[in-house]
$ cat entry.txt   # compact mmCIF, N, CA and C atoms
# COMPACT_ATOMS: atom_id res chain seq x y z
N MET F 1 23.97 176.94 343.09
CA MET F 1 23.93 176.54 344.47
C MET F 1 24.03 177.78 345.35
N MET F 2 23.22 177.84 346.39
CA MET F 2 23.20 178.98 347.28
C MET F 2 24.07 178.71 348.49
N ALA F 3 25.05 179.58 348.73
CA ALA F 3 25.91 179.44 349.90
C ALA F 3 25.36 180.30 351.03
N VAL F 4 25.48 179.82 352.25
CA VAL F 4 25.06 180.59 353.41
C VAL F 4 26.28 180.76 354.30
N MET F 5 26.59 182.01 354.64
CA MET F 5 27.72 182.29 355.51
C MET F 5 27.30 181.99 356.94
N ALA F 6 28.13 181.27 357.68
CA ALA F 6 27.80 180.87 359.05
C ALA F 6 27.84 182.06 360.00
N VAL F 7 27.05 181.98 361.06
CA VAL F 7 27.00 183.04 362.06
C VAL F 7 27.90 182.69 363.24
N SER F 8 28.74 183.63 363.63
CA SER F 8 29.56 183.49 364.82
C SER F 8 29.64 184.86 365.46
N LEU F 9 28.73 185.14 366.39
CA LEU F 9 28.61 186.48 366.94
C LEU F 9 28.67 186.45 368.45
N THR F 10 28.90 187.63 369.04
CA THR F 10 29.02 187.70 370.48
C THR F 10 27.71 188.04 371.17
N TRP F 11 26.67 188.45 370.45
CA TRP F 11 25.39 188.73 371.09
C TRP F 11 24.39 187.66 370.70
N PRO F 12 23.33 187.44 371.53
CA PRO F 12 22.36 186.39 371.23
C PRO F 12 21.58 186.70 369.96
N VAL F 13 21.24 185.67 369.23
CA VAL F 13 20.52 185.83 367.98
C VAL F 13 19.09 185.33 368.15
N THR F 14 18.14 186.16 367.77
CA THR F 14 16.73 185.77 367.77
C THR F 14 16.23 185.90 366.35
N ALA F 15 15.57 184.90 365.85
CA ALA F 15 15.05 184.95 364.49
C ALA F 15 14.06 186.08 364.36
N GLY F 16 14.15 186.84 363.29
CA GLY F 16 13.24 187.95 363.05
C GLY F 16 11.79 187.50 363.09
N GLY F 17 10.98 188.22 363.88
CA GLY F 17 9.57 187.89 363.97
C GLY F 17 9.29 186.65 364.79
N GLY F 18 10.32 186.11 365.46
CA GLY F 18 10.13 184.90 366.25
C GLY F 18 9.64 185.22 367.65
N ASP F 19 9.93 184.35 368.59
CA ASP F 19 9.44 184.50 369.95
C ASP F 19 10.04 185.71 370.68
N GLY F 20 11.26 186.11 370.34
CA GLY F 20 11.95 187.11 371.13
C GLY F 20 11.67 188.55 370.79
N THR F 21 11.31 188.87 369.58
CA THR F 21 11.13 190.27 369.19
C THR F 21 10.03 190.40 368.14
N PRO F 22 9.28 191.50 368.20
CA PRO F 22 8.23 191.72 367.21
C PRO F 22 8.75 192.35 365.91
N LEU F 23 10.07 192.50 365.79
CA LEU F 23 10.66 193.07 364.58
C LEU F 23 10.96 191.96 363.59
N ARG F 24 10.64 192.19 362.33
CA ARG F 24 10.96 191.22 361.29
C ARG F 24 11.41 191.97 360.04
N ALA F 25 12.11 191.25 359.19
CA ALA F 25 12.62 191.84 357.94
C ALA F 25 12.04 191.08 356.75
N GLU F 26 11.76 191.82 355.70
CA GLU F 26 11.30 191.23 354.44
C GLU F 26 12.17 191.74 353.30
N ASN F 27 12.26 190.94 352.26
CA ASN F 27 12.95 191.32 351.02
C ASN F 27 14.36 191.84 351.27
N ALA F 28 15.11 191.17 352.12
CA ALA F 28 16.48 191.58 352.41
C ALA F 28 17.40 191.17 351.26
N TRP F 29 18.20 192.12 350.78
CA TRP F 29 19.12 191.83 349.70
C TRP F 29 20.37 192.69 349.79
N ILE F 30 21.42 192.21 349.15
CA ILE F 30 22.70 192.90 349.08
C ILE F 30 23.02 193.12 347.61
N ARG F 31 23.42 194.34 347.29
CA ARG F 31 23.75 194.67 345.91
C ARG F 31 25.01 193.92 345.47
N ALA F 32 24.88 193.13 344.41
CA ALA F 32 26.02 192.40 343.85
C ALA F 32 27.06 193.38 343.32
N ALA F 33 28.33 193.01 343.43
CA ALA F 33 29.43 193.84 342.96
C ALA F 33 30.51 192.93 342.40
N PRO F 34 31.39 193.47 341.56
CA PRO F 34 32.49 192.67 341.05
C PRO F 34 33.38 192.18 342.19
N PRO F 35 34.09 191.06 341.98
CA PRO F 35 35.00 190.54 343.01
C PRO F 35 36.02 191.61 343.42
N GLY F 36 36.35 191.62 344.71
CA GLY F 36 37.36 192.54 345.20
C GLY F 36 36.83 193.90 345.64
N VAL F 37 35.56 194.18 345.41
CA VAL F 37 34.99 195.46 345.85
C VAL F 37 34.92 195.43 347.38
N PRO F 38 35.49 196.45 348.07
CA PRO F 38 35.59 196.38 349.52
C PRO F 38 34.33 196.78 350.30
N VAL F 39 33.34 197.35 349.61
CA VAL F 39 32.12 197.81 350.29
C VAL F 39 30.91 197.43 349.45
N LEU F 40 29.92 196.81 350.11
CA LEU F 40 28.65 196.48 349.47
C LEU F 40 27.54 197.17 350.26
N ALA F 41 26.35 197.21 349.70
CA ALA F 41 25.21 197.84 350.37
C ALA F 41 24.11 196.81 350.59
N GLY F 42 23.45 196.92 351.74
CA GLY F 42 22.36 196.01 352.10
C GLY F 42 21.06 196.75 352.31
N TYR F 43 19.98 196.11 351.87
CA TYR F 43 18.65 196.73 351.91
C TYR F 43 17.62 195.73 352.43
N MET F 44 16.51 196.24 352.97
CA MET F 44 15.41 195.39 353.43
C MET F 44 14.27 196.29 353.89
N THR F 45 13.14 195.67 354.14
CA THR F 45 12.02 196.35 354.79
C THR F 45 11.90 195.78 356.19
N LEU F 46 11.94 196.65 357.19
CA LEU F 46 11.81 196.24 358.58
C LEU F 46 10.39 196.53 359.04
N ILE F 47 9.76 195.56 359.69
CA ILE F 47 8.37 195.66 360.10
C ILE F 47 8.30 195.46 361.61
N ASN F 48 7.65 196.41 362.29
CA ASN F 48 7.49 196.38 363.74
C ASN F 48 6.03 196.10 364.05
N ASP F 49 5.75 194.94 364.64
CA ASP F 49 4.39 194.55 364.98
C ASP F 49 4.01 194.92 366.41
N SER F 50 4.84 195.71 367.09
CA SER F 50 4.58 196.00 368.50
C SER F 50 3.97 197.38 368.71
N GLU F 51 3.66 197.66 369.98
CA GLU F 51 3.09 198.93 370.40
C GLU F 51 4.17 200.00 370.62
N GLN F 52 5.44 199.60 370.61
CA GLN F 52 6.55 200.50 370.90
C GLN F 52 7.49 200.63 369.71
N ASN F 53 8.12 201.80 369.58
CA ASN F 53 9.18 201.95 368.59
C ASN F 53 10.30 200.97 368.92
N ILE F 54 10.99 200.49 367.90
CA ILE F 54 12.14 199.61 368.10
C ILE F 54 13.36 200.28 367.48
N ALA F 55 14.42 200.42 368.29
CA ALA F 55 15.64 201.06 367.83
C ALA F 55 16.70 200.01 367.51
N ILE F 56 17.30 200.15 366.32
CA ILE F 56 18.42 199.31 365.91
C ILE F 56 19.68 200.14 366.14
N ILE F 57 20.62 199.59 366.92
CA ILE F 57 21.80 200.37 367.28
C ILE F 57 23.08 199.85 366.63
N GLY F 58 22.97 198.77 365.87
CA GLY F 58 24.16 198.25 365.21
C GLY F 58 23.84 197.02 364.40
N ALA F 59 24.83 196.57 363.65
CA ALA F 59 24.66 195.38 362.81
C ALA F 59 26.01 194.68 362.68
N GLY F 60 25.95 193.40 362.42
CA GLY F 60 27.16 192.61 362.23
C GLY F 60 26.89 191.45 361.31
N SER F 61 27.96 190.82 360.85
CA SER F 61 27.86 189.65 359.99
C SER F 61 29.22 188.98 359.95
N PRO F 62 29.23 187.65 359.97
CA PRO F 62 30.51 186.98 359.80
C PRO F 62 31.07 187.16 358.39
N GLY F 63 30.24 187.62 357.46
CA GLY F 63 30.68 187.82 356.09
C GLY F 63 31.37 189.15 355.84
N PHE F 64 31.36 190.04 356.86
CA PHE F 64 31.97 191.36 356.71
C PHE F 64 32.64 191.76 358.02
N ARG F 65 33.77 192.47 357.91
CA ARG F 65 34.47 192.89 359.12
C ARG F 65 33.75 194.01 359.85
N MET F 66 32.97 194.81 359.12
CA MET F 66 32.29 195.94 359.74
C MET F 66 31.03 196.27 358.95
N ILE F 67 29.98 196.67 359.68
CA ILE F 67 28.75 197.15 359.05
C ILE F 67 28.38 198.46 359.71
N GLU F 68 28.07 199.46 358.89
CA GLU F 68 27.58 200.73 359.38
C GLU F 68 26.20 201.00 358.80
N MET F 69 25.42 201.78 359.53
CA MET F 69 24.09 202.18 359.07
C MET F 69 24.22 203.59 358.50
N HIS F 70 23.72 203.80 357.28
CA HIS F 70 23.90 205.08 356.60
C HIS F 70 22.57 205.58 356.01
N ARG F 71 22.56 206.88 355.75
CA ARG F 71 21.49 207.51 354.98
C ARG F 71 22.14 208.28 353.84
N SER F 72 21.63 208.09 352.63
CA SER F 72 22.10 208.87 351.48
C SER F 72 21.35 210.21 351.48
N VAL F 73 22.11 211.30 351.32
CA VAL F 73 21.51 212.63 351.28
C VAL F 73 22.09 213.39 350.10
N SER F 74 21.35 214.39 349.64
CA SER F 74 21.82 215.26 348.57
C SER F 74 21.84 216.69 349.11
N GLU F 75 23.03 217.29 349.07
CA GLU F 75 23.19 218.66 349.54
C GLU F 75 23.92 219.46 348.47
N SER F 76 23.30 220.55 348.04
CA SER F 76 23.89 221.42 347.01
C SER F 76 24.27 220.62 345.77
N GLY F 77 23.42 219.67 345.40
CA GLY F 77 23.64 218.88 344.21
C GLY F 77 24.68 217.77 344.37
N MET F 78 25.20 217.60 345.57
CA MET F 78 26.21 216.57 345.82
C MET F 78 25.59 215.46 346.67
N ALA F 79 25.75 214.23 346.22
CA ALA F 79 25.26 213.09 346.99
C ALA F 79 26.35 212.64 347.96
N ARG F 80 25.94 212.33 349.18
CA ARG F 80 26.88 211.80 350.16
C ARG F 80 26.12 210.92 351.14
N MET F 81 26.87 210.18 351.94
CA MET F 81 26.26 209.30 352.95
C MET F 81 26.56 209.85 354.34
N VAL F 82 25.56 209.73 355.22
CA VAL F 82 25.71 210.16 356.60
C VAL F 82 25.49 208.94 357.49
N GLU F 83 26.49 208.61 358.31
CA GLU F 83 26.35 207.47 359.21
C GLU F 83 25.26 207.75 360.24
N GLN F 84 24.49 206.72 360.56
CA GLN F 84 23.39 206.80 361.52
C GLN F 84 23.74 205.98 362.75
N ASP F 85 23.57 206.56 363.93
CA ASP F 85 23.81 205.82 365.17
C ASP F 85 22.67 204.86 365.48
N THR F 86 21.46 205.24 365.08
CA THR F 86 20.26 204.47 365.39
C THR F 86 19.31 204.51 364.20
N LEU F 87 18.65 203.39 363.94
CA LEU F 87 17.54 203.35 363.00
C LEU F 87 16.31 203.00 363.83
N THR F 88 15.24 203.78 363.72
CA THR F 88 14.04 203.54 364.52
C THR F 88 12.92 203.05 363.64
N VAL F 89 12.37 201.89 363.99
CA VAL F 89 11.21 201.34 363.29
C VAL F 89 9.99 201.70 364.14
N PRO F 90 9.08 202.51 363.59
CA PRO F 90 7.95 202.98 364.41
C PRO F 90 7.00 201.86 364.81
N ALA F 91 6.33 202.06 365.94
CA ALA F 91 5.33 201.11 366.42
C ALA F 91 4.31 200.84 365.32
N HIS F 92 3.99 199.59 365.09
CA HIS F 92 3.05 199.16 364.04
C HIS F 92 3.39 199.78 362.69
N GLY F 93 4.70 199.94 362.42
CA GLY F 93 5.12 200.59 361.19
C GLY F 93 6.23 199.84 360.49
N ARG F 94 6.74 200.50 359.46
CA ARG F 94 7.78 199.94 358.60
C ARG F 94 8.91 200.96 358.46
N LEU F 95 10.09 200.44 358.21
CA LEU F 95 11.23 201.26 357.87
C LEU F 95 11.88 200.63 356.65
N MET F 96 12.01 201.40 355.60
CA MET F 96 12.59 200.91 354.35
C MET F 96 14.08 201.23 354.31
N LEU F 97 14.89 200.20 354.09
CA LEU F 97 16.30 200.38 353.77
C LEU F 97 16.39 200.11 352.29
N GLU F 98 16.71 201.16 351.51
CA GLU F 98 16.62 201.07 350.06
C GLU F 98 17.68 201.95 349.40
N PRO F 99 17.97 201.70 348.11
CA PRO F 99 18.94 202.53 347.41
C PRO F 99 18.53 204.01 347.49
N ASN F 100 19.52 204.87 347.66
CA ASN F 100 19.34 206.31 347.75
C ASN F 100 18.60 206.75 349.01
N GLY F 101 18.58 205.91 350.04
CA GLY F 101 17.94 206.24 351.31
C GLY F 101 18.74 205.61 352.43
N LEU F 102 18.05 205.12 353.45
CA LEU F 102 18.70 204.37 354.52
C LEU F 102 19.20 203.04 353.97
N HIS F 103 20.35 202.59 354.45
CA HIS F 103 20.91 201.32 354.00
C HIS F 103 22.01 200.88 354.95
N LEU F 104 22.46 199.65 354.79
CA LEU F 104 23.60 199.14 355.52
C LEU F 104 24.82 199.17 354.61
N MET F 105 25.93 199.67 355.11
CA MET F 105 27.20 199.61 354.38
C MET F 105 27.97 198.41 354.93
N LEU F 106 28.18 197.43 354.07
CA LEU F 106 28.83 196.17 354.43
C LEU F 106 30.28 196.26 353.96
N MET F 107 31.20 196.38 354.91
CA MET F 107 32.58 196.69 354.57
C MET F 107 33.54 195.53 354.82
N MET F 108 34.51 195.43 353.95
CA MET F 108 35.60 194.45 354.05
C MET F 108 35.06 193.02 354.13
N PRO F 109 34.56 192.50 353.01
CA PRO F 109 34.04 191.12 353.02
C PRO F 109 35.12 190.13 353.47
N THR F 110 34.70 189.13 354.24
CA THR F 110 35.63 188.10 354.67
C THR F 110 35.64 186.92 353.70
N VAL F 111 34.59 186.81 352.89
CA VAL F 111 34.50 185.82 351.81
C VAL F 111 33.78 186.49 350.66
N ALA F 112 33.94 185.95 349.46
CA ALA F 112 33.26 186.52 348.30
C ALA F 112 31.75 186.38 348.47
N ALA F 113 31.02 187.43 348.12
CA ALA F 113 29.55 187.42 348.14
C ALA F 113 29.10 187.43 346.68
N ASN F 114 28.78 186.25 346.16
CA ASN F 114 28.42 186.10 344.76
C ASN F 114 26.91 186.16 344.57
N THR F 115 26.48 186.57 343.39
CA THR F 115 25.06 186.63 343.07
C THR F 115 24.41 185.29 343.39
N GLY F 116 23.31 185.36 344.13
CA GLY F 116 22.58 184.16 344.53
C GLY F 116 22.93 183.66 345.92
N ASP F 117 24.06 184.11 346.48
CA ASP F 117 24.44 183.68 347.83
C ASP F 117 23.50 184.29 348.86
N ALA F 118 23.35 183.60 349.97
CA ALA F 118 22.62 184.12 351.12
C ALA F 118 23.65 184.52 352.18
N VAL F 119 23.49 185.71 352.72
CA VAL F 119 24.39 186.24 353.73
C VAL F 119 23.58 186.53 354.99
N ILE F 120 24.07 186.10 356.13
CA ILE F 120 23.39 186.36 357.39
C ILE F 120 23.84 187.72 357.92
N LEU F 121 22.87 188.59 358.18
CA LEU F 121 23.09 189.88 358.82
C LEU F 121 22.38 189.84 360.16
N VAL F 122 23.00 190.40 361.18
CA VAL F 122 22.38 190.42 362.50
C VAL F 122 22.22 191.87 362.93
N LEU F 123 20.98 192.25 363.20
CA LEU F 123 20.67 193.60 363.65
C LEU F 123 20.58 193.60 365.17
N GLN F 124 21.36 194.47 365.80
CA GLN F 124 21.39 194.56 367.25
C GLN F 124 20.41 195.63 367.69
N LEU F 125 19.49 195.27 368.60
CA LEU F 125 18.47 196.18 369.07
C LEU F 125 18.89 196.86 370.37
N GLU F 126 18.33 198.03 370.61
CA GLU F 126 18.67 198.81 371.79
C GLU F 126 18.38 198.07 373.09
N ASP F 127 17.37 197.20 373.09
CA ASP F 127 17.00 196.47 374.31
C ASP F 127 17.88 195.25 374.58
N GLY F 128 18.93 195.05 373.78
CA GLY F 128 19.84 193.94 373.98
C GLY F 128 19.53 192.71 373.13
N GLN F 129 18.34 192.66 372.54
CA GLN F 129 18.01 191.55 371.66
C GLN F 129 18.63 191.80 370.28
N SER F 130 18.55 190.81 369.43
CA SER F 130 18.99 190.97 368.04
C SER F 130 18.15 190.07 367.16
N ILE F 131 18.14 190.39 365.87
CA ILE F 131 17.47 189.52 364.92
C ILE F 131 18.44 189.14 363.81
N SER F 132 18.30 187.93 363.35
CA SER F 132 19.10 187.41 362.26
C SER F 132 18.28 187.52 360.98
N VAL F 133 18.91 188.08 359.95
CA VAL F 133 18.23 188.30 358.67
C VAL F 133 19.05 187.64 357.56
N LYS F 134 18.38 186.86 356.72
CA LYS F 134 19.06 186.26 355.56
C LYS F 134 18.85 187.19 354.36
N ALA F 135 19.95 187.73 353.83
CA ALA F 135 19.91 188.63 352.68
C ALA F 135 20.51 187.92 351.47
N ILE F 136 19.85 188.04 350.34
CA ILE F 136 20.31 187.41 349.11
C ILE F 136 21.11 188.43 348.28
N VAL F 137 22.26 188.03 347.79
CA VAL F 137 23.08 188.87 346.93
C VAL F 137 22.45 188.85 345.54
N ARG F 138 22.15 190.05 345.02
CA ARG F 138 21.53 190.15 343.69
C ARG F 138 21.79 191.51 343.07
N THR F 139 21.49 191.62 341.81
CA THR F 139 21.58 192.89 341.12
C THR F 139 20.29 193.68 341.39
N PRO F 140 20.34 195.02 341.33
CA PRO F 140 19.11 195.80 341.54
C PRO F 140 18.03 195.34 340.57
N GLY F 141 16.83 195.15 341.08
CA GLY F 141 15.71 194.70 340.25
C GLY F 141 15.73 193.21 339.99
N GLY F 142 16.80 192.52 340.38
CA GLY F 142 16.91 191.08 340.15
C GLY F 142 16.22 190.29 341.23
N ASN F 143 16.17 188.97 341.05
CA ASN F 143 15.53 188.10 342.04
C ASN F 143 16.54 187.46 342.96

$ encode --input "entry.txt" --output "structure tokens"
Amino acid sequence: MMAVMAVSLTWPVTAGGGDGTPLRAENAWIRAAPPGVPVLAGYMTLINDSEQNIAIIGAGSPGFRMIEMHRSVSESGMARMVEQDTLTVPAHGRLMLEPNGLHLMLMMPTVAANTGDAVILVLQLEDGQSISVKAIVRTPGGN
């Protein structure tokens, strides 16, 4: 059975690719982890169907106390993450959030996120709009 975490947010929610914004998400997923792990990672492909770049300035979810946007980098043979203030999806382009690259860090789960569950993530856009994205918890390479 697939559980969906309810949305309770302070900014308006517009469905991705709906009437309010030309931004949409595909293949959104969250890396499954053992129970009690305080940080999970979220990935997706963001698609901008508009003539203008679209900036994402934040993210939230009722399933997590905090979400940050990060980029994985390798410096002097050491891997680390760098927090990003903004993610920009180019006009008529795509932005990949994927392992070892840009991703969402989902911190302090408020409920267990089990394999197969659907979690609502809300991306806040610079223009004040937001999109709601359903991400499925799964193992890398899984369905």

$ residues_around --input "entry.txt" --residues "Asn114 (chain F)" --least-positions-apart "5" --cutoff "9 Å" --atoms "only C-alpha atoms" --output "list in words"
Ala3, Ala32, Ala33, Pro34, Pro35, Val137 and Arg138 of chain F

$ closest_residue --input "entry.txt" --among "F:Ala113, F:Leu106, F:Ile47, F:Leu97" --to "Met66 (chain F)" --atoms "all atoms listed in the file"
F:Leu106

$ atom_distance --input "entry.txt" --atom1 "atom C of Val122 (chain F)" --atom2 "CA of Asp49 (chain F)"
18.1 Å

$ axis_aligned_box --input "entry.txt" --around "region 30-35 of chain F" --padding-each-side "5 Å" --output "lines of an AutoDock Vina configuration file"
center_x = 28.7
center_y = 192.6
center_z = 345.1
size_x = 24.6
size_y = 14.1
size_z = 18.1

$ residues_around --input "entry.txt" --residues "Gly60 (chain F)" --least-positions-apart "4" --cutoff "6 Å" --atoms "all atoms listed in the file" --output "MDAnalysis selection string"
chainID F and resid 67 120:124

$ residues_around --input "entry.txt" --residues "Ile54 (chain F)" --least-positions-apart "6" --cutoff "7 Å" --atoms "all atoms listed in the file" --output "JSON, numbers by chain"
{"F": [48, 87, 88, 89, 90, 91, 125, 126]}

$ closest_residue --input "entry.txt" --among "F:Ser132, F:Gln52, F:Val37, F:Pro109" --to "Ala25 (chain F)" --atoms "all atoms listed in the file"
F:Ser132
